[in-house]
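For reference, the structure discussed in these notes is given below.
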4 protein chains.
Amino acid sequence: MPKVGMQPVRRQSLINAAISLIGEAGSLDVPVKDIAVRAGMSPALAFHYFDGKDGIILETMRHLLREYSNEIRDALKRAGSPQARIDAIISTSFGASQFDRNTVAAWLVFYLKSYSSPPAARLLAVYTARLRSNLMHALCSLAPRAEAERLAESLASLIDGIYIRQTLRPGGPDAKEAIALCRQHMSRALATMAANQR
Amino acid sequence: MPKVGMQPVRRQSLINAAISLIGEAGSLDVPVKDIAVRAGMSPALAFHYFDGKDGIILETMRHLLREYSNEIRDALKRAGSPQARIDAIISTSFGASQFDRNTVAAWLVFYLKSYSSPPAARLLAVYTARLRSNLMHALCSLAPRAEAERLAESLASLIDGIYIRQTLRPGGPDAKEAIALCRQHMSRALATMAANQR
Amino acid sequence: MPKVGMQPVRRQSLINAAISLIGEAGSLDVPVKDIAVRAGMSPALAFHYFDGKDGIILETMRHLLREYSNEIRDALKRAGSPQARIDAIISTSFGASQFDRNTVAAWLVFYLKSYSSPPAARLLAVYTARLRSNLMHALCSLAPRAEAERLAESLASLIDGIYIRQTLRPGGPDAKEAIALCRQHMSRALATMAANQR
Amino acid sequence: MPKVGMQPVRRQSLINAAISLIGEAGSLDVPVKDIAVRAGMSPALAFHYFDGKDGIILETMRHLLREYSNEIRDALKRAGSPQARIDAIISTSFGASQFDRNTVAAWLVFYLKSYSSPPAARLLAVYTARLRSNLMHALCSLAPRAEAERLAESLASLIDGIYIRQTLRPGGPDAKEAIALCRQHMSRALATMAANQR
DNA sequence: AATGAATGAGCCTTCATTCAT
DNA sequence: AATGAATGAAGGCTCATTCAT
């Protein structure tokens with residue numbers, strides 16, 4: 001029973017199915033057929049809406065990155081101070097929609113994909129740069145440029161590391177603890193820097 | 001021309017080939033044939049020495065974990081103080097044999113594999129526990145237990161995060177910077193804790 | 001914006017598109033979608049106007065045969081003598097509309113199709129018979145029946161052979177040379193026969 | 001029950017199966033599966049011995065061309081006079097191994113393939129050049145160069161045309177008639193040329 | 001009249017794995 | 001010990017075709 005204007009709906013269904021299946025498998029080695037079926041359509045239709053399996057994967061990756069970027073952007077809008085901006089980035093990173101086992105697994109898979117896929121690498125580079133710029137914007141008013149850069153790098157690394165480790169834990173991720181670790185890292189860094197400056 | 005006593009040599013060749021190919025691909029989706037060929041033998045022989053592809057993969061993973069554990073163990077032997085022990089763990093983690101693009105990619109792949117493979121998960125759990133125990137051993141004399149646990153967790157996360165991020169960078173990983181970030185994280189944490197205790 | 005009376009136009013567009021695509025590919029293995037798109041419509045519409053892919057192909061074949069037959073018929077009308085009739089058949093066969101790379105390729109494809117498709121074989125048989133009858137009509141007044149038959153067969157073969165060979169040549173077909181070869185074949189045959197009769 | 005040294009046997013089986021199936025279908029649109037099964041093996045093995053479907057097709061084409069070239073070469077060895085050489089080429093072209101319905105159909109299919117496949121075109125060009133050179137070698141002693149060239153072209157065309165037409169006839173090909181047509185074409189041409197020279 | 005939506009069937013190809021030698 | 005031979009299973013993808021709208 002074909003209806004018109006299905007394209008966006010279908011595409012979104014496929015992307016959602018791809019995230020969950022890739023996340024569950026911890027690998028891109030997921031049959032397109034499975035993705036299509038979980039999205040409620042025939043495999044052929046998936047090929048119709050995306051350009052082959054790689055198309056599905058890249059669009060899924062793009063979706064994940066965009067989603068994260070948008071959440072960060074919205075959170076930053078509501079932040080008043082530099083401190084609040086950093087906090088916004090931290091808490092968004094561990095918000096329910098990001099800090100989910102399958103989503104994080106999909107993230108990691110995409111990280112790995114970018115080892116061997118230039119388009120994926122480009123996509124990831126854009127996101128990485130944007131996150132860095134957001135962090136720098138907030139940190140530059142709290143620390144000298146060189147320090148700010150190292151802080152940005154360490155915070156980003158800490159976030160990624162927590163992603164990996166916590167989603168692997170049997171009990172599942174603990175957003176509260178994740179946020180606490182990040183905040184402590186930042187507050188201690190800023191405190192030490194302030195002390196040294198005196 | 002078959003030779004006797006080739007078993008350990010052949011197995012090691014296969015494991016090395018597996019690490020580099022898996023690392024290059026950023027995925028376990030690597031034909032056994034390719035691994036065997038790079039290891040200088042026929043695919044059938046690879047099956048003879050390991051029990052199927054999964055055998056090769058698990059043994060490769062085990063090798064990676066053991067290698068790391070051994071390096072850590074040796075470094076700890078040479079460390080005199082708690083501080084030195086922590087430092088030993090950090091610098092070993094970013095030593096040339098670990099902090100290599102392909103090796104790290106293989107690590108991540110195995111992390112992901114453990115999402116869906118109980119044997120892989122068990123393997124990883126053993127290593128995780130050992131690393132944690134090493135860190136705790138060093139930290140317990142520097143901080144109260146609860147603090148030590150958080151510190152161990154944050155350091156482990158930071159290391160993993162640096163792994164991910166730096167090996168993806170176009171310029172390749174920078175061990176010096178990686179070590180500096182970790183040291184700073186620890187020193188600031190310990191300093192802050194000391195200040196608060198006063 | 002659907003219009004009325006489009007049927008013949010649409011059908012002709014599809015046939016033209018089919019000829020060029022089949023000719024380019026040198027094969028019937030051409031997606032209906034491509035034919036429809038080149039004809040400026042959706043694939044579904046192509047199915048509406050013809051009954052499936054086979055319908056398109058058979059109609060295209062029929063079109064090609066009819067076109068050729070009509071050109072021959074018109075040329076014969078203008079021919080005064082038996083010699084002129086033969087000449088008319090020759091020059092029509094290598095006229096611009098027939099002796100074109102894609103058209104000839106399509107011809108060959110249809111020849112082959114008739115190996116395995118009875119309807120196509122029937123179509124081709126009708127045309128073959130008509131051409132033969134045209135040739136015989138002209139030749140019977142120039143040679144005894146048995147000789148005329150062999151001449152008809154050899155001329156028809158020569159024409160087909162030139163079709164194949166010349167359209168494959170890198171420089172493209174040379175109608176002048178093709179016509180000269182056929183004329184020479186005929187004139188020599190008739191001359192020899194005349195000499196023998198004396 | 002695997003045996004060693006199967007490669008040439010398997011390859012030949014596949015080529016034979018390909019010729020007959022392609023000939024029967026009058027098209028390259030033949031599943032590799034069918035070819036493999038007729039050759040008595042699994043489809044996967046066909047891919048192992050040739051490099052994909054295109055490999056099978058190109059090797060089959062090469063085989064056909066080589067076979068023909070070899071037969072021509074052997075026949076030419078046994079020919080004493082220029083006349084005999086021409087005759088050898090003619091009778092070889094319509095020998096039982098060449099003038100067979102499926103074989104000829106396969107030839108035509110390959111002709112068409114070369115419309116769109118550069119490798120196939122190259123293969124065909126080599127064979128065409130060799131045949132032409134053989135013909136020219138025989139004809140140059142019987143006619144001036146320019147005439148010899150036209151004769152070579154017309155004979156080659158006539159042969160190809162007879163191939164097409166006769167293999168399509170319901171009764172199947174008639175080698176005797178085919179040879180007679182070609183001989184007559186040549187004898188008449190040479191006779192006319194001799195008469196004109198006087 | 002015209003088309004986007006949708007699918008089942010089938011094809012090419014790869015790959016892990018087994019077996020006889 | 002070592003390998004070429006061989007295959008079943010599965011995956012990506014295309015395409016002719018149908019159906020609502």
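By order in the structure tokens, chains are A, B, ...; within a chain, residues start at 1; ligands start at 1, following the order shown.
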Can you build me a table of chain E residues sitting at most 10 Å from chain B, with the closest atom pair per residue and its distance in Å to one decimal, using only C-alpha atoms (C1' of nucleotides), sorted by chain and residue number, as CSV?
residue,atom,partner,partner_atom,distance
E:DT14,C1',B:Pro31,CA,9.1
E:DC15,C1',B:Pro31,CA,6.9
E:DA16,C1',B:Lys53,CA,7.5
E:DT17,C1',B:Gly52,CA,7.8
E:DT18,C1',B:Ala44,CA,9.1
Please, can I see chain D fitted onto chain B by all in-order Cα atoms (least squares), as a PDB file with C-alpha atoms, in the first residue's frame?
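For reference, superposed06.pdb as written:
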ATOM      1  CA  MET D   1      59.562 -28.454   2.730  1.00  0.00           C
ATOM      2  CA  PRO D   2      58.025 -29.325   6.073  1.00  0.00           C
ATOM      3  CA  LYS D   3      60.081 -28.976   9.217  1.00  0.00           C
ATOM      4  CA  VAL D   4      59.199 -30.139  12.672  1.00  0.00           C
ATOM      5  CA  GLY D   5      58.391 -27.850  15.540  1.00  0.00           C
ATOM      6  CA  MET D   6      56.768 -25.268  13.353  1.00  0.00           C
ATOM      7  CA  GLN D   7      53.664 -24.872  15.439  1.00  0.00           C
ATOM      8  CA  PRO D   8      54.765 -21.979  17.692  1.00  0.00           C
ATOM      9  CA  VAL D   9      56.389 -20.186  14.796  1.00  0.00           C
ATOM     10  CA  ARG D  10      53.343 -20.518  12.597  1.00  0.00           C
ATOM     11  CA  ARG D  11      50.984 -19.483  15.323  1.00  0.00           C
ATOM     12  CA  GLN D  12      53.003 -16.392  16.068  1.00  0.00           C
ATOM     13  CA  SER D  13      53.185 -15.464  12.398  1.00  0.00           C
ATOM     14  CA  LEU D  14      49.448 -15.771  12.131  1.00  0.00           C
ATOM     15  CA  ILE D  15      48.860 -13.665  15.205  1.00  0.00           C
ATOM     16  CA  ASN D  16      51.148 -10.946  13.938  1.00  0.00           C
ATOM     17  CA  ALA D  17      49.487 -10.968  10.564  1.00  0.00           C
ATOM     18  CA  ALA D  18      46.085 -10.852  12.214  1.00  0.00           C
ATOM     19  CA  ILE D  19      47.001  -7.830  14.313  1.00  0.00           C
ATOM     20  CA  SER D  20      48.235  -5.845  11.390  1.00  0.00           C
ATOM     21  CA  LEU D  21      45.401  -6.743   9.056  1.00  0.00           C
ATOM     22  CA  ILE D  22      42.706  -6.236  11.648  1.00  0.00           C
ATOM     23  CA  GLY D  23      44.349  -2.982  12.635  1.00  0.00           C
ATOM     24  CA  GLU D  24      44.505  -1.788   9.061  1.00  0.00           C
ATOM     25  CA  ALA D  25      40.934  -2.687   8.370  1.00  0.00           C
ATOM     26  CA  GLY D  26      39.642  -1.475  11.710  1.00  0.00           C
ATOM     27  CA  SER D  27      37.465  -4.534  11.703  1.00  0.00           C
ATOM     28  CA  LEU D  28      37.399  -8.270  12.161  1.00  0.00           C
ATOM     29  CA  ASP D  29      36.007  -8.499   8.681  1.00  0.00           C
ATOM     30  CA  VAL D  30      39.278  -9.736   7.308  1.00  0.00           C
ATOM     31  CA  PRO D  31      39.447 -12.924   5.263  1.00  0.00           C
ATOM     32  CA  VAL D  32      41.392 -15.694   6.896  1.00  0.00           C
ATOM     33  CA  LYS D  33      42.940 -16.158   3.515  1.00  0.00           C
ATOM     34  CA  ASP D  34      44.538 -12.731   3.711  1.00  0.00           C
ATOM     35  CA  ILE D  35      45.843 -13.363   7.189  1.00  0.00           C
ATOM     36  CA  ALA D  36      47.321 -16.669   6.143  1.00  0.00           C
ATOM     37  CA  VAL D  37      48.937 -15.274   3.054  1.00  0.00           C
ATOM     38  CA  ARG D  38      50.491 -12.393   4.938  1.00  0.00           C
ATOM     39  CA  ALA D  39      51.762 -14.910   7.460  1.00  0.00           C
ATOM     40  CA  GLY D  40      53.314 -16.788   4.588  1.00  0.00           C
ATOM     41  CA  MET D  41      51.202 -19.899   4.477  1.00  0.00           C
ATOM     42  CA  SER D  42      48.123 -21.402   2.925  1.00  0.00           C
ATOM     43  CA  PRO D  43      44.707 -20.702   4.452  1.00  0.00           C
ATOM     44  CA  ALA D  44      44.261 -24.387   5.227  1.00  0.00           C
ATOM     45  CA  LEU D  45      47.290 -24.313   7.463  1.00  0.00           C
ATOM     46  CA  ALA D  46      45.842 -21.465   9.457  1.00  0.00           C
ATOM     47  CA  PHE D  47      42.839 -23.629  10.172  1.00  0.00           C
ATOM     48  CA  HIS D  48      45.097 -26.438  11.159  1.00  0.00           C
ATOM     49  CA  TYR D  49      46.931 -24.405  13.777  1.00  0.00           C
ATOM     50  CA  PHE D  50      43.953 -22.561  15.155  1.00  0.00           C
ATOM     51  CA  ASP D  51      40.449 -23.743  15.488  1.00  0.00           C
ATOM     52  CA  GLY D  52      38.713 -21.746  12.840  1.00  0.00           C
ATOM     53  CA  LYS D  53      38.636 -18.018  12.364  1.00  0.00           C
ATOM     54  CA  ASP D  54      37.285 -17.365  15.805  1.00  0.00           C
ATOM     55  CA  GLY D  55      40.205 -19.258  17.231  1.00  0.00           C
ATOM     56  CA  ILE D  56      42.634 -17.023  15.410  1.00  0.00           C
ATOM     57  CA  ILE D  57      40.834 -13.939  16.606  1.00  0.00           C
ATOM     58  CA  LEU D  58      40.596 -15.000  20.219  1.00  0.00           C
ATOM     59  CA  GLU D  59      44.224 -16.061  20.347  1.00  0.00           C
ATOM     60  CA  THR D  60      45.235 -12.788  18.813  1.00  0.00           C
ATOM     61  CA  MET D  61      43.255 -10.936  21.413  1.00  0.00           C
ATOM     62  CA  ARG D  62      44.766 -13.039  24.153  1.00  0.00           C
ATOM     63  CA  HIS D  63      48.207 -12.307  22.783  1.00  0.00           C
ATOM     64  CA  LEU D  64      47.609  -8.579  22.822  1.00  0.00           C
ATOM     65  CA  LEU D  65      46.344  -8.658  26.380  1.00  0.00           C
ATOM     66  CA  ARG D  66      49.164 -10.834  27.590  1.00  0.00           C
ATOM     67  CA  GLU D  67      51.771  -8.701  25.897  1.00  0.00           C
ATOM     68  CA  TYR D  68      50.412  -5.629  27.591  1.00  0.00           C
ATOM     69  CA  SER D  69      50.144  -7.334  30.953  1.00  0.00           C
ATOM     70  CA  ASN D  70      53.710  -8.552  30.739  1.00  0.00           C
ATOM     71  CA  GLU D  71      55.066  -5.148  29.872  1.00  0.00           C
ATOM     72  CA  ILE D  72      53.171  -3.623  32.773  1.00  0.00           C
ATOM     73  CA  ARG D  73      54.420  -6.303  35.122  1.00  0.00           C
ATOM     74  CA  ASP D  74      58.036  -5.786  34.088  1.00  0.00           C
ATOM     75  CA  ALA D  75      57.762  -2.026  34.409  1.00  0.00           C
ATOM     76  CA  LEU D  76      56.205  -2.334  37.851  1.00  0.00           C
ATOM     77  CA  LYS D  77      59.107  -4.486  38.982  1.00  0.00           C
ATOM     78  CA  ARG D  78      61.468  -1.657  38.253  1.00  0.00           C
ATOM     79  CA  ALA D  79      59.348   0.953  40.050  1.00  0.00           C
ATOM     80  CA  GLY D  80      60.354   1.964  43.566  1.00  0.00           C
ATOM     81  CA  SER D  81      57.611   4.274  44.803  1.00  0.00           C
ATOM     82  CA  PRO D  82      53.837   4.427  44.365  1.00  0.00           C
ATOM     83  CA  GLN D  83      54.337   7.457  42.180  1.00  0.00           C
ATOM     84  CA  ALA D  84      56.794   5.534  40.093  1.00  0.00           C
ATOM     85  CA  ARG D  85      54.358   2.669  39.787  1.00  0.00           C
ATOM     86  CA  ILE D  86      51.680   4.916  38.397  1.00  0.00           C
ATOM     87  CA  ASP D  87      54.176   6.436  36.064  1.00  0.00           C
ATOM     88  CA  ALA D  88      55.253   3.018  34.938  1.00  0.00           C
ATOM     89  CA  ILE D  89      51.715   2.093  34.021  1.00  0.00           C
ATOM     90  CA  ILE D  90      51.278   5.304  32.111  1.00  0.00           C
ATOM     91  CA  SER D  91      54.471   5.118  30.133  1.00  0.00           C
ATOM     92  CA  THR D  92      54.045   1.460  29.370  1.00  0.00           C
ATOM     93  CA  SER D  93      50.564   2.142  28.032  1.00  0.00           C
ATOM     94  CA  PHE D  94      52.030   4.563  25.548  1.00  0.00           C
ATOM     95  CA  GLY D  95      55.189   2.657  24.807  1.00  0.00           C
ATOM     96  CA  ALA D  96      56.089   2.033  21.201  1.00  0.00           C
ATOM     97  CA  SER D  97      54.793  -1.525  21.160  1.00  0.00           C
ATOM     98  CA  GLN D  98      51.369  -0.524  22.451  1.00  0.00           C
ATOM     99  CA  PHE D  99      50.752   2.938  21.126  1.00  0.00           C
ATOM    100  CA  ASP D 100      50.859   1.966  17.516  1.00  0.00           C
ATOM    101  CA  ARG D 101      48.079   2.734  15.112  1.00  0.00           C
ATOM    102  CA  ASN D 102      47.318  -0.819  14.098  1.00  0.00           C
ATOM    103  CA  THR D 103      47.722  -2.221  17.555  1.00  0.00           C
ATOM    104  CA  VAL D 104      45.339   0.295  19.030  1.00  0.00           C
ATOM    105  CA  ALA D 105      42.863  -0.245  16.260  1.00  0.00           C
ATOM    106  CA  ALA D 106      43.022  -3.954  16.984  1.00  0.00           C
ATOM    107  CA  TRP D 107      42.414  -3.210  20.655  1.00  0.00           C
ATOM    108  CA  LEU D 108      39.289  -1.252  19.830  1.00  0.00           C
ATOM    109  CA  VAL D 109      38.072  -3.948  17.539  1.00  0.00           C
ATOM    110  CA  PHE D 110      38.431  -6.442  20.357  1.00  0.00           C
ATOM    111  CA  TYR D 111      36.622  -4.147  22.739  1.00  0.00           C
ATOM    112  CA  LEU D 112      33.755  -4.169  20.305  1.00  0.00           C
ATOM    113  CA  LYS D 113      33.956  -7.877  19.747  1.00  0.00           C
ATOM    114  CA  SER D 114      33.346  -8.351  23.427  1.00  0.00           C
ATOM    115  CA  TYR D 115      29.951  -6.690  23.019  1.00  0.00           C
ATOM    116  CA  SER D 116      28.710  -9.760  21.282  1.00  0.00           C
ATOM    117  CA  SER D 117      31.163 -12.520  22.157  1.00  0.00           C
ATOM    118  CA  PRO D 118      31.130 -13.916  25.689  1.00  0.00           C
ATOM    119  CA  PRO D 119      34.591 -15.480  25.394  1.00  0.00           C
ATOM    120  CA  ALA D 120      36.023 -12.164  24.266  1.00  0.00           C
ATOM    121  CA  ALA D 121      34.187 -10.416  27.086  1.00  0.00           C
ATOM    122  CA  ARG D 122      35.688 -12.803  29.609  1.00  0.00           C
ATOM    123  CA  LEU D 123      39.173 -12.232  28.264  1.00  0.00           C
ATOM    124  CA  LEU D 124      38.757  -8.504  28.439  1.00  0.00           C
ATOM    125  CA  ALA D 125      37.313  -8.668  31.934  1.00  0.00           C
ATOM    126  CA  VAL D 126      40.399 -10.447  33.195  1.00  0.00           C
ATOM    127  CA  TYR D 127      42.683  -7.815  31.762  1.00  0.00           C
ATOM    128  CA  THR D 128      40.530  -4.965  33.031  1.00  0.00           C
ATOM    129  CA  ALA D 129      40.534  -6.400  36.515  1.00  0.00           C
ATOM    130  CA  ARG D 130      44.287  -6.846  36.507  1.00  0.00           C
ATOM    131  CA  LEU D 131      44.949  -3.306  35.355  1.00  0.00           C
ATOM    132  CA  ARG D 132      42.580  -1.977  37.955  1.00  0.00           C
ATOM    133  CA  SER D 133      44.253  -3.998  40.659  1.00  0.00           C
ATOM    134  CA  ASN D 134      47.640  -2.665  39.608  1.00  0.00           C
ATOM    135  CA  LEU D 135      46.391   0.884  39.724  1.00  0.00           C
ATOM    136  CA  MET D 136      44.658   0.404  43.062  1.00  0.00           C
ATOM    137  CA  HIS D 137      47.764  -1.097  44.564  1.00  0.00           C
ATOM    138  CA  ALA D 138      49.697   2.044  43.717  1.00  0.00           C
ATOM    139  CA  LEU D 139      46.958   4.502  44.555  1.00  0.00           C
ATOM    140  CA  CYS D 140      45.866   3.108  47.882  1.00  0.00           C
ATOM    141  CA  SER D 141      48.906   4.470  49.579  1.00  0.00           C
ATOM    142  CA  LEU D 142      48.280   7.906  48.128  1.00  0.00           C
ATOM    143  CA  ALA D 143      44.574   8.358  48.695  1.00  0.00           C
ATOM    144  CA  PRO D 144      41.667   6.982  50.673  1.00  0.00           C
ATOM    145  CA  ARG D 145      40.069   3.954  49.122  1.00  0.00           C
ATOM    146  CA  ALA D 146      37.013   5.648  47.640  1.00  0.00           C
ATOM    147  CA  GLU D 147      39.118   8.357  46.069  1.00  0.00           C
ATOM    148  CA  ALA D 148      41.610   5.813  44.831  1.00  0.00           C
ATOM    149  CA  GLU D 149      38.866   3.978  43.047  1.00  0.00           C
ATOM    150  CA  ARG D 150      37.657   7.031  41.236  1.00  0.00           C
ATOM    151  CA  LEU D 151      41.176   7.947  40.324  1.00  0.00           C
ATOM    152  CA  ALA D 152      41.866   4.516  38.943  1.00  0.00           C
ATOM    153  CA  GLU D 153      38.737   4.671  36.870  1.00  0.00           C
ATOM    154  CA  SER D 154      39.432   8.128  35.532  1.00  0.00           C
ATOM    155  CA  LEU D 155      43.000   7.301  34.632  1.00  0.00           C
ATOM    156  CA  ALA D 156      42.005   4.114  32.882  1.00  0.00           C
ATOM    157  CA  SER D 157      39.340   6.001  30.987  1.00  0.00           C
ATOM    158  CA  LEU D 158      41.717   8.749  30.055  1.00  0.00           C
ATOM    159  CA  ILE D 159      44.210   6.248  28.695  1.00  0.00           C
ATOM    160  CA  ASP D 160      41.572   4.506  26.623  1.00  0.00           C
ATOM    161  CA  GLY D 161      40.233   7.807  25.349  1.00  0.00           C
ATOM    162  CA  ILE D 162      43.674   8.958  24.307  1.00  0.00           C
ATOM    163  CA  TYR D 163      44.114   5.670  22.503  1.00  0.00           C
ATOM    164  CA  ILE D 164      41.025   6.260  20.464  1.00  0.00           C
ATOM    165  CA  ARG D 165      41.606   9.864  19.630  1.00  0.00           C
ATOM    166  CA  GLN D 166      45.282   9.916  18.966  1.00  0.00           C
ATOM    167  CA  THR D 167      45.430   6.932  16.707  1.00  0.00           C
ATOM    168  CA  LEU D 168      42.799   8.543  14.565  1.00  0.00           C
ATOM    169  CA  ARG D 169      44.687  11.779  14.118  1.00  0.00           C
ATOM    170  CA  PRO D 170      46.152  12.294  10.680  1.00  0.00           C
ATOM    171  CA  GLY D 171      49.606  12.937  12.132  1.00  0.00           C
ATOM    172  CA  GLY D 172      49.536   9.712  14.052  1.00  0.00           C
ATOM    173  CA  PRO D 173      49.871   9.278  17.792  1.00  0.00           C
ATOM    174  CA  ASP D 174      52.152  11.407  19.953  1.00  0.00           C
ATOM    175  CA  ALA D 175      53.307   9.387  22.922  1.00  0.00           C
ATOM    176  CA  LYS D 176      54.941  12.304  24.659  1.00  0.00           C
ATOM    177  CA  GLU D 177      51.771  14.323  24.677  1.00  0.00           C
ATOM    178  CA  ALA D 178      49.756  11.332  25.743  1.00  0.00           C
ATOM    179  CA  ILE D 179      52.006  10.695  28.697  1.00  0.00           C
ATOM    180  CA  ALA D 180      52.003  14.371  29.644  1.00  0.00           C
ATOM    181  CA  LEU D 181      48.203  14.467  29.679  1.00  0.00           C
ATOM    182  CA  CYS D 182      48.009  11.471  31.949  1.00  0.00           C
ATOM    183  CA  ARG D 183      50.692  12.684  34.294  1.00  0.00           C
ATOM    184  CA  GLN D 184      49.072  16.051  34.591  1.00  0.00           C
ATOM    185  CA  HIS D 185      45.732  14.427  35.295  1.00  0.00           C
ATOM    186  CA  MET D 186      47.251  12.431  38.115  1.00  0.00           C
ATOM    187  CA  SER D 187      49.432  15.136  39.593  1.00  0.00           C
ATOM    188  CA  ARG D 188      46.579  17.599  39.657  1.00  0.00           C
ATOM    189  CA  ALA D 189      44.278  15.103  41.240  1.00  0.00           C
ATOM    190  CA  LEU D 190      46.776  14.155  43.912  1.00  0.00           C
ATOM    191  CA  ALA D 191      47.673  17.792  44.538  1.00  0.00           C
ATOM    192  CA  THR D 192      44.043  18.796  44.971  1.00  0.00           C
ATOM    193  CA  MET D 193      43.421  15.929  47.293  1.00  0.00           C
ATOM    194  CA  ALA D 194      46.456  16.862  49.372  1.00  0.00           C
ATOM    195  CA  ALA D 195      45.282  20.485  49.567  1.00  0.00           C
ATOM    196  CA  ASN D 196      41.800  19.426  50.690  1.00  0.00           C
ATOM    197  CA  GLN D 197      43.182  17.186  53.354  1.00  0.00           C
ATOM    198  CA  ARG D 198      45.057  19.995  55.014  1.00  0.00           C
TER     199      ARG D 198
END
Exercise for review: Per DSSP on the backbone, filter chain B down to the residues in alpha helix (DSSP H) and report them as a ChimeraX atom specification.
Suggested key: /B:7-25,32-38,43-49,52-77,82-93,101-116,118-139,145-168,175-197
Sorted by chain and rising residue number, which residues of chain F lie within 8 Å of chain B, and what are their closest atom pairs and distances in Å to one decimal, counting only C-alpha atoms (C1' of nucleotides), as a tab-separated table?
residue	atom	partner	partner_atom	distance
F:DA1	C1'	B:Pro2	CA	4.5
F:DA2	C1'	B:Pro2	CA	6.5
F:DT3	C1'	B:Ser42	CA	6.6
Saved selection, atoms kept: N, CA and C atoms (P, O5', C5', C4', C3', O3' and C1' of nucleotides), as a tab-separated table (two decimals), in the first residue's frame:
chain	number	residue	atom	x	y	z
F	1	DA	P	52.48	-31.41	12.22
F	1	DA	O5'	53.40	-31.36	10.92
F	1	DA	C5'	54.75	-30.90	10.95
F	1	DA	C4'	55.07	-30.35	9.58
F	1	DA	C3'	54.34	-29.05	9.27
F	1	DA	O3'	55.18	-28.25	8.44
F	1	DA	C1'	53.62	-30.72	7.76
F	2	DA	P	54.74	-26.84	8.02
F	2	DA	O5'	53.81	-27.14	6.77
F	2	DA	C5'	54.43	-27.61	5.58
F	2	DA	C4'	53.41	-27.72	4.48
F	2	DA	C3'	52.47	-26.52	4.33
F	2	DA	O3'	52.78	-25.88	3.10
F	2	DA	C1'	51.32	-28.59	4.10
F	3	DT	P	51.96	-24.58	2.69
F	3	DT	O5'	50.97	-25.21	1.62
F	3	DT	C5'	51.50	-26.12	0.66
F	3	DT	C4'	50.39	-26.65	-0.21
F	3	DT	C3'	49.33	-25.61	-0.60
F	3	DT	O3'	49.03	-25.79	-1.96
F	3	DT	C1'	48.28	-27.48	0.32
